[in-house]
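This is entry02.cif. It holds mmCIF, C-alpha atoms.
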data_my_file
#
loop_
_atom_site.label_atom_id
_atom_site.label_comp_id
_atom_site.auth_asym_id
_atom_site.auth_seq_id
_atom_site.Cartn_x
_atom_site.Cartn_y
_atom_site.Cartn_z
CA MET G 1 -11.18 -5.64 15.58
CA ASN G 2 -14.62 -4.97 14.18
CA ALA G 3 -17.73 -5.39 16.31
CA ALA G 4 -18.77 -8.69 14.73
CA ARG G 5 -15.38 -10.30 15.29
CA ALA G 6 -14.95 -8.85 18.77
CA ALA G 7 -18.31 -10.32 19.76
CA ASP G 8 -16.96 -13.80 19.00
CA ILE G 9 -14.45 -13.52 21.86
CA PRO G 10 -15.99 -14.48 25.21
CA GLN G 11 -16.29 -11.69 27.78
CA ARG G 12 -13.85 -11.81 30.65
CA GLU G 13 -14.98 -12.27 34.22
CA LYS G 14 -14.35 -9.30 36.45
CA PRO G 15 -11.51 -9.81 38.95
CA SER G 16 -11.05 -7.78 42.08
CA VAL G 17 -8.38 -5.55 40.53
CA ASP G 18 -8.31 -4.22 36.98
CA ALA G 19 -5.15 -4.15 34.88
CA PRO G 20 -3.50 -0.72 34.52
CA ASN G 21 -5.16 0.02 31.18
CA GLY G 22 -8.64 -0.92 32.38
CA HIS G 23 -8.56 -4.37 30.72
CA ARG G 24 -9.19 -7.31 32.99
CA PRO G 25 -7.03 -10.46 32.91
CA VAL G 26 -8.50 -13.52 31.20
CA PRO G 27 -9.41 -16.10 33.89
CA ALA G 28 -7.34 -19.26 33.62
CA HIS G 29 -10.42 -21.48 33.18
CA ALA G 30 -11.63 -19.33 30.25
CA LEU G 31 -8.30 -19.01 28.44
CA GLY G 32 -8.80 -22.06 26.23
CA GLU G 33 -12.19 -20.82 25.08
CA VAL G 34 -10.81 -17.35 24.40
CA MET G 35 -7.89 -18.72 22.37
CA SER G 36 -10.20 -20.92 20.32
CA ALA G 37 -12.29 -17.87 19.49
CA LEU G 38 -9.14 -15.94 18.59
CA ALA G 39 -8.01 -18.73 16.25
CA LEU G 40 -11.34 -18.57 14.42
CA THR G 41 -11.15 -14.79 14.23
CA LEU G 42 -7.66 -14.83 12.71
CA GLN G 43 -8.50 -17.61 10.26
CA GLN G 44 -11.59 -15.94 8.79
CA ASP G 45 -11.27 -14.14 5.48
CA PHE G 46 -7.55 -13.88 4.87
CA ASP G 47 -8.06 -10.86 2.64
CA SER G 48 -4.36 -9.96 2.80
CA VAL G 49 -1.29 -10.12 4.98
CA GLU G 50 -1.91 -6.52 6.06
CA ASP G 51 -5.47 -7.33 7.17
CA THR G 52 -4.19 -10.27 9.19
CA LEU G 53 -1.47 -8.17 10.84
CA THR G 54 -4.09 -5.60 11.87
CA LYS G 55 -6.30 -8.33 13.33
CA ILE G 56 -3.33 -9.65 15.31
CA THR G 57 -2.45 -6.35 16.97
CA SER G 58 -6.05 -5.42 17.72
CA SER G 59 -6.69 -8.87 19.19
CA ALA G 60 -3.56 -8.60 21.33
CA LEU G 61 -4.78 -5.34 22.85
CA GLU G 62 -8.14 -6.92 23.57
CA LEU G 63 -6.72 -10.04 25.23
CA VAL G 64 -3.39 -9.22 26.90
CA PRO G 65 -3.73 -7.54 30.30
CA ALA G 66 -2.16 -4.09 30.63
CA ALA G 67 -1.24 -3.64 26.93
CA THR G 68 -2.05 -0.11 25.81
CA ASP G 69 -0.32 -0.16 22.41
CA ALA G 70 0.91 -2.84 20.01
CA SER G 71 2.74 -3.34 16.73
CA ILE G 72 4.41 -6.05 14.70
CA SER G 73 8.03 -6.16 13.59
CA LEU G 74 7.84 -8.05 10.31
CA VAL G 75 10.85 -9.79 8.80
CA ILE G 76 11.30 -8.91 5.12
CA ALA G 77 13.30 -11.25 2.87
CA ARG G 78 14.96 -12.73 5.99
CA ARG G 79 17.25 -9.70 6.23
CA SER G 80 15.41 -6.60 7.40
CA ILE G 81 12.59 -5.64 9.76
CA GLU G 82 9.65 -3.35 9.06
CA SER G 83 7.02 -1.97 11.42
CA ARG G 84 3.48 -3.08 10.57
CA ALA G 85 -0.04 -2.65 11.96
CA PRO G 86 0.74 -0.24 14.84
CA THR G 87 -2.36 0.39 16.92
CA SER G 88 -1.44 4.02 17.64
CA ASP G 89 0.89 6.84 16.70
CA LEU G 90 2.84 6.06 19.87
CA ALA G 91 3.48 2.48 18.75
CA ARG G 92 4.57 3.80 15.36
CA GLN G 93 6.99 6.22 17.03
CA VAL G 94 8.49 3.49 19.21
CA ASP G 95 9.11 1.31 16.16
CA SER G 96 10.65 4.25 14.34
CA VAL G 97 13.05 4.95 17.21
CA GLN G 98 14.06 1.30 17.26
CA SER G 99 14.63 1.25 13.51
CA ASP G 100 16.67 4.45 13.55
CA LEU G 101 18.89 3.29 16.42
CA GLY G 102 19.16 -0.35 15.34
CA GLN G 103 18.57 -1.54 18.90
CA GLY G 104 15.67 -2.54 21.12
CA PRO G 105 13.64 -5.43 22.53
CA CYS G 106 11.60 -6.01 19.37
CA ILE G 107 14.73 -6.50 17.27
CA ASP G 108 16.16 -8.87 19.87
CA ALA G 109 12.92 -10.84 20.02
CA VAL G 110 13.00 -11.27 16.23
CA TRP G 111 16.58 -12.42 15.77
CA ALA G 112 16.95 -14.33 19.06
CA GLU G 113 13.48 -15.90 18.57
CA ALA G 114 12.78 -15.45 22.28
CA VAL G 115 10.39 -13.47 24.46
CA VAL G 116 11.94 -10.19 25.61
CA ALA G 117 10.52 -8.33 28.61
CA VAL G 118 11.25 -4.75 29.64
CA PRO G 119 9.85 -4.14 33.16
CA ASP G 120 10.77 -0.44 33.20
CA THR G 121 12.24 1.53 30.30
CA ALA G 122 13.39 4.26 32.69
CA SER G 123 15.90 1.88 34.30
CA GLU G 124 16.59 -0.44 31.35
CA ARG G 125 20.30 -0.69 30.42
CA ARG G 126 20.38 -3.27 27.59
CA TRP G 127 19.50 -0.65 24.96
CA PRO G 128 20.31 2.66 26.68
CA ARG G 129 19.53 5.06 23.82
CA PHE G 130 16.32 3.28 22.86
CA SER G 131 15.14 2.98 26.47
CA LEU G 132 15.70 6.66 27.19
CA ALA G 133 13.89 7.71 24.02
CA VAL G 134 10.78 5.57 24.52
CA ALA G 135 10.57 6.41 28.22
CA GLU G 136 10.40 10.06 27.20
CA LEU G 137 7.60 9.15 24.76
CA GLY G 138 5.63 7.64 27.64
CA VAL G 139 6.20 3.91 27.13
CA ARG G 140 7.30 2.47 30.47
CA SER G 141 7.19 -1.29 29.92
CA MET G 142 7.27 -3.64 26.95
CA LEU G 143 6.78 -7.30 26.15
CA CYS G 144 7.88 -8.70 22.78
CA PHE G 145 6.95 -12.17 21.51
CA PRO G 146 8.61 -13.89 18.54
CA LEU G 147 6.32 -14.88 15.68
CA ASN G 148 7.78 -18.10 14.35
CA THR G 149 7.03 -21.64 13.31
CA HIS G 150 9.33 -24.62 13.01
CA ARG G 151 10.57 -23.33 9.63
CA ASP G 152 9.83 -19.62 9.51
CA ASN G 153 10.96 -16.59 11.51
CA LEU G 154 8.21 -14.08 10.75
CA GLY G 155 8.94 -11.28 13.21
CA ALA G 156 7.69 -10.21 16.62
CA LEU G 157 4.49 -9.07 18.32
CA ASN G 158 5.32 -6.00 20.40
CA LEU G 159 3.19 -4.96 23.37
CA MET G 160 3.64 -1.68 25.24
CA SER G 161 2.26 -0.08 28.39
CA ASP G 162 2.42 3.35 29.96
CA THR G 163 2.85 1.72 33.39
CA PRO G 164 6.13 0.30 34.80
CA GLY G 165 5.98 -3.42 35.57
CA ALA G 166 2.63 -3.74 33.81
CA PHE G 167 3.09 -7.22 32.34
CA ASP G 168 2.65 -10.03 34.85
CA ASP G 169 2.50 -13.81 34.45
CA ASP G 170 -1.01 -13.60 32.96
CA ALA G 171 0.28 -11.26 30.28
CA HIS G 172 3.19 -13.58 29.48
CA ARG G 173 0.94 -16.63 29.26
CA THR G 174 -1.78 -14.99 27.19
CA GLY G 175 0.69 -13.15 24.97
CA THR G 176 2.53 -16.37 24.16
CA LEU G 177 -0.70 -18.04 23.05
CA VAL G 178 -1.75 -15.01 20.99
CA ALA G 179 1.66 -14.98 19.27
CA THR G 180 1.44 -18.71 18.51
CA HIS G 181 -1.98 -18.37 16.87
CA ALA G 182 -0.82 -15.21 15.11
CA ALA G 183 2.19 -16.92 13.54
CA VAL G 184 0.01 -19.69 12.09
CA ALA G 185 -2.51 -17.17 10.77
CA LEU G 186 0.24 -15.04 9.24
CA ILE G 187 1.73 -18.02 7.39
CA ALA G 188 -1.73 -18.87 6.00
CA ALA G 189 -2.33 -15.28 4.89
CA ALA G 190 1.08 -15.08 3.22
CA HIS G 191 0.42 -18.30 1.31
CA GLN G 192 -2.95 -16.98 0.18
CA ASP G 193 -1.33 -13.76 -1.04
CA GLN G 194 1.25 -15.78 -2.96
CA MET G 195 -1.46 -17.89 -4.55
CA LYS G 196 -3.43 -14.82 -5.62
CA SER G 197 -0.28 -13.27 -7.06
CA ALA G 198 0.61 -16.44 -8.96
CA LEU G 199 -2.89 -16.68 -10.44
CA ALA G 200 -2.84 -13.02 -11.45
CA THR G 201 0.56 -13.46 -13.11
CA ARG G 202 -0.64 -16.51 -15.01
CA ASP G 203 -3.67 -14.59 -16.26
CA VAL G 204 -1.54 -11.65 -17.44
CA ILE G 205 0.87 -13.93 -19.29
CA GLY G 206 -2.11 -15.67 -20.91
CA GLN G 207 -3.49 -12.32 -22.09
CA ALA G 208 -0.07 -11.31 -23.48
CA LYS G 209 0.21 -14.61 -25.35
CA GLY G 210 -3.21 -14.03 -26.90
CA ILE G 211 -2.18 -10.57 -28.12
CA VAL G 212 1.06 -11.91 -29.65
CA MET G 213 -0.77 -14.83 -31.29
CA GLU G 214 -3.25 -12.49 -32.93
CA ARG G 215 -0.66 -9.91 -33.94
CA TYR G 216 1.86 -12.32 -35.49
CA GLY G 217 -0.32 -15.33 -36.38
CA VAL G 218 1.68 -17.80 -34.26
CA SER G 219 0.72 -20.67 -31.95
CA ALA G 220 0.38 -20.32 -28.18
CA THR G 221 3.69 -22.17 -27.66
CA ARG G 222 5.52 -19.94 -30.14
CA ALA G 223 3.97 -16.81 -28.63
CA PHE G 224 5.32 -17.72 -25.19
CA GLU G 225 8.75 -18.53 -26.67
CA MET G 226 8.84 -15.06 -28.25
CA ILE G 227 7.88 -13.34 -24.99
CA ASN G 228 10.41 -15.44 -23.06
CA LYS G 229 13.24 -14.65 -25.48
CA LEU G 230 12.59 -10.92 -25.33
CA SER G 231 12.45 -11.18 -21.55
CA HIS G 232 15.97 -12.64 -21.54
CA ASP G 233 17.27 -10.19 -24.12
CA TRP G 234 15.97 -7.17 -22.20
CA ASN G 235 16.62 -8.65 -18.75
CA VAL G 236 13.00 -8.02 -17.80
CA PRO G 237 10.90 -10.60 -15.88
CA VAL G 238 8.37 -12.40 -18.07
CA ALA G 239 5.47 -11.24 -15.89
CA GLU G 240 6.53 -7.60 -16.12
CA LEU G 241 6.96 -7.80 -19.89
CA ALA G 242 3.56 -9.49 -20.19
CA ARG G 243 1.94 -6.66 -18.22
CA THR G 244 3.56 -4.13 -20.54
CA ILE G 245 2.22 -5.96 -23.58
CA THR G 246 -1.32 -6.11 -22.19
CA VAL G 247 -1.35 -2.45 -21.18
CA LYS G 248 0.04 -1.16 -24.45
CA ASP G 249 -1.59 -3.86 -26.58
CA ASN G 250 1.39 -3.44 -28.91
CA PRO G 251 4.13 -6.09 -28.79
CA GLY G 252 6.07 -4.31 -31.55
CA PRO G 253 9.66 -5.45 -30.78
CA LEU G 254 8.53 -9.08 -30.71
CA GLY G 255 8.38 -9.05 -34.48
CA GLY G 256 12.16 -9.22 -34.52
CA VAL G 257 12.30 -12.51 -32.60
CA ARG G 258 10.00 -14.50 -34.85
#

What would you get if you wrote out this structure as structure tokens?
Amino acid sequence: MNAARAADIPQREKPSVDAPNGHRPVPAHALGEVMSALALTLQQDFDSVEDTLTKITSSALELVPAATDASISLVIARRSIESRAPTSDLARQVDSVQSDLGQGPCIDAVWAEAVVAVPDTASERRWPRFSLAVAELGVRSMLCFPLNTHRDNLGALNLMSDTPGAFDDDAHRTGTLVATHAAVALIAAAHQDQMKSALATRDVIGQAKGIVMERYGVSATRAFEMINKLSHDWNVPVAELARTITVKDNPGPLGGVR
């Protein structure tokens, strides 16, 4: 999180005991204010899905007691999971181990759409190969929150600590709220990306139509019909064919479909 955005999040009051990573738990009376600030932070400037994912993991480290590393397991096309926005090389390695083995708490949190806690990887038996591997890397406890809405299963927010039993009730409560705000922000960012892509595609098709109209002396409707027919004949998406036409500025084969 950059300095300007971080400054928007109220400072935490100092409790008697710090969390293992030096972060202090958010006092219960300040949690609502902190979450409101987080919502504003995540909703500002949806430059891209990747930017939003990075904001989510950095915010999670700032707000969730004991978290030393974080990442997101993002669902792709409702079938596969990819690691995104890891806050460290260690988080990236943990996600890689999980992907290679096909087992782990992050995967379970995604597909079961439930919070998955790992108090101590050294004694964890649900995913024996994964647990042994990440314990050797230095990750001793994990807490994974599903990122979902009523209609969408987006993935999971994965928090890690180098201390066994690091995540207490405060971490569960705060992490759940962070994940809820994150899911809403991620949906908004994805919709914005789709809108930008649709507008860009429309512009490219419009440029291609203009080139065909000028080259062959046809109307806008006929130009699109020609592009569409060649798209079907070649089994190439209209948008891809339009980009080819605009880059080469030479719709040569279209002359045969007039």

Quote the spacing between atom CA of Asp203 of chain G and atom CA of Ala242 of chain G in Å to one decimal place.
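According to the coordinates, atom CA of Asp203 of chain G and atom CA of Ala242 of chain G are separated by 9.7 Å.
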
Report as a CSV table (one decimal) with C-alpha atoms, in the coordinates of the input the residues that result from applying the PyMOL selection byres ((chain G and resi 232-239) around 10) to the structure here.
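Once written, out_19.csv looks like this:
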chain,number,residue,atom,x,y,z
G,198,ALA,CA,0.6,-16.4,-9.0
G,200,ALA,CA,-2.8,-13.0,-11.4
G,201,THR,CA,0.6,-13.5,-13.1
G,202,ARG,CA,-0.6,-16.5,-15.0
G,203,ASP,CA,-3.7,-14.6,-16.3
G,204,VAL,CA,-1.5,-11.6,-17.4
G,205,ILE,CA,0.9,-13.9,-19.3
G,208,ALA,CA,-0.1,-11.3,-23.5
G,224,PHE,CA,5.3,-17.7,-25.2
G,227,ILE,CA,7.9,-13.3,-25.0
G,228,ASN,CA,10.4,-15.4,-23.1
G,229,LYS,CA,13.2,-14.6,-25.5
G,230,LEU,CA,12.6,-10.9,-25.3
G,231,SER,CA,12.4,-11.2,-21.6
G,240,GLU,CA,6.5,-7.6,-16.1
G,241,LEU,CA,7.0,-7.8,-19.9
G,242,ALA,CA,3.6,-9.5,-20.2
G,243,ARG,CA,1.9,-6.7,-18.2
G,244,THR,CA,3.6,-4.1,-20.5
G,245,ILE,CA,2.2,-6.0,-23.6

Residue by residue, what does the PyMOL selection byres ((chain G and resi 164-167) around 6) grab here? Present the result as number ranges by chain. G: 66, 119-120, 140-141, 163, 168, 171

From atom CA of Thr246 of chain G to atom CA of Gln207 of chain G the spacing works out at 6.6 Å

- Task: Determine the residue set returned by the PyMOL selection byres ((chain G and resi 68-77) around 6) for the present structure, and present it as a ChimeraX atom specification.
- Result: /G:57,67,78-87,91,154-161

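Between atom CA of Pro146 of chain G and atom CA of Leu101 of chain G lies a distance of 20.1 Å.
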
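Shortest separation to Ile56 of chain G among G:Ala182, G:Val218, G:Ala117, G:Leu177 occurs at residue G:Ala182, atoms counted being all atoms listed in the file.
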
Using all atoms listed in the file, which of G:Leu147, G:Trp111, G:Ala220, G:Asp152 sits nearest Gly175 of chain G?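 Ranking G:Leu147, G:Trp111, G:Ala220, G:Asp152 by distance to Gly175 of chain G, first place goes to G:Leu147.
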
Nearest to Thr176 of chain G, restricted to all atoms listed in the file and choosing among G:Val64, G:Met213, G:Asp89, G:Gly206, comes out as G:Val64
